[in-house]
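Written out below as C-alpha cells is the structure these notes cover.
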Amino acid sequence: MAAAFYNQLTGTHDASSAGTEVDMPGETLLERRQRQGATYVIEAMQDVGVDISGSKRAQLTPPMLNIYDKVINMAQLEYTPDWLSSDPRCTYWNI
C-alpha cells in the first residue's frame, strides 16, 4: 500500500514493495487472494482509485535495505524481524 501511494502521488515507480513473510514470491496479490482468500488490501486500494491486484509479492531481505532510503513497515510487529525494526530507515505504520 505504501509503495502504491508513493508511486501514485509522485507519478513515478521509484517505490517498491516487499513482505516480511512471503510464502510464494512472484505471486500477484490477486493470485494470493484467489488461493488464500480474505485479503482486503486490493479492495481498500480500489476504494481510493489505485489498482494493486497485479502487484507481485517479494520477500524482504536484509541486503535489500541497502537500496532503500526509507522503509515503511506495515506488518504486525510480531512478524517484523529484529533486523528490520532496528534499522533507522524503518518506520512502522500501525494499520
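If you're wondering about the labels, chains in the C-alpha cells are A, B, ... by order shown, residues count from 1 in each chain, ligands from 1 in order shown.
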Per DSSP on the backbone, what are the strand (DSSP E or B) residues of chain A, as a ChimeraX atom specification? /A:19,28,56,59,71-73,90-92
Run DSSP on the backbone and grab whatever in chain A lands in helix (DSSP H, G or I); send it over as a PyMOL selection string. chain A and resi 2-10+29-36+41-46+62-67+77-79+82-85
Compare A:Ser55, A:Thr91, A:Ser85, A:Thr12 by their minimum atom-to-atom distance to A:Ile72, counting only C-alpha atoms, and give me the closest one.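 The shortest atom-to-atom distance to A:Ile72 comes from A:Thr91.
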Measuring atom to atom with only C-alpha atoms, identify which of A:Leu77, A:Val50, A:Ala2, A:Ile42 is nearest to A:Ala18. A:Ala2
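Atom CA of A:Asp51 sits 14.2 Å away from atom CA of A:Arg33.
Between A:Ser17 and the residues A:Thr39, A:Gln59, A:Ser53, A:Gln46, the shortest atom-to-atom distance, using only C-alpha atoms, involves A:Gln59.
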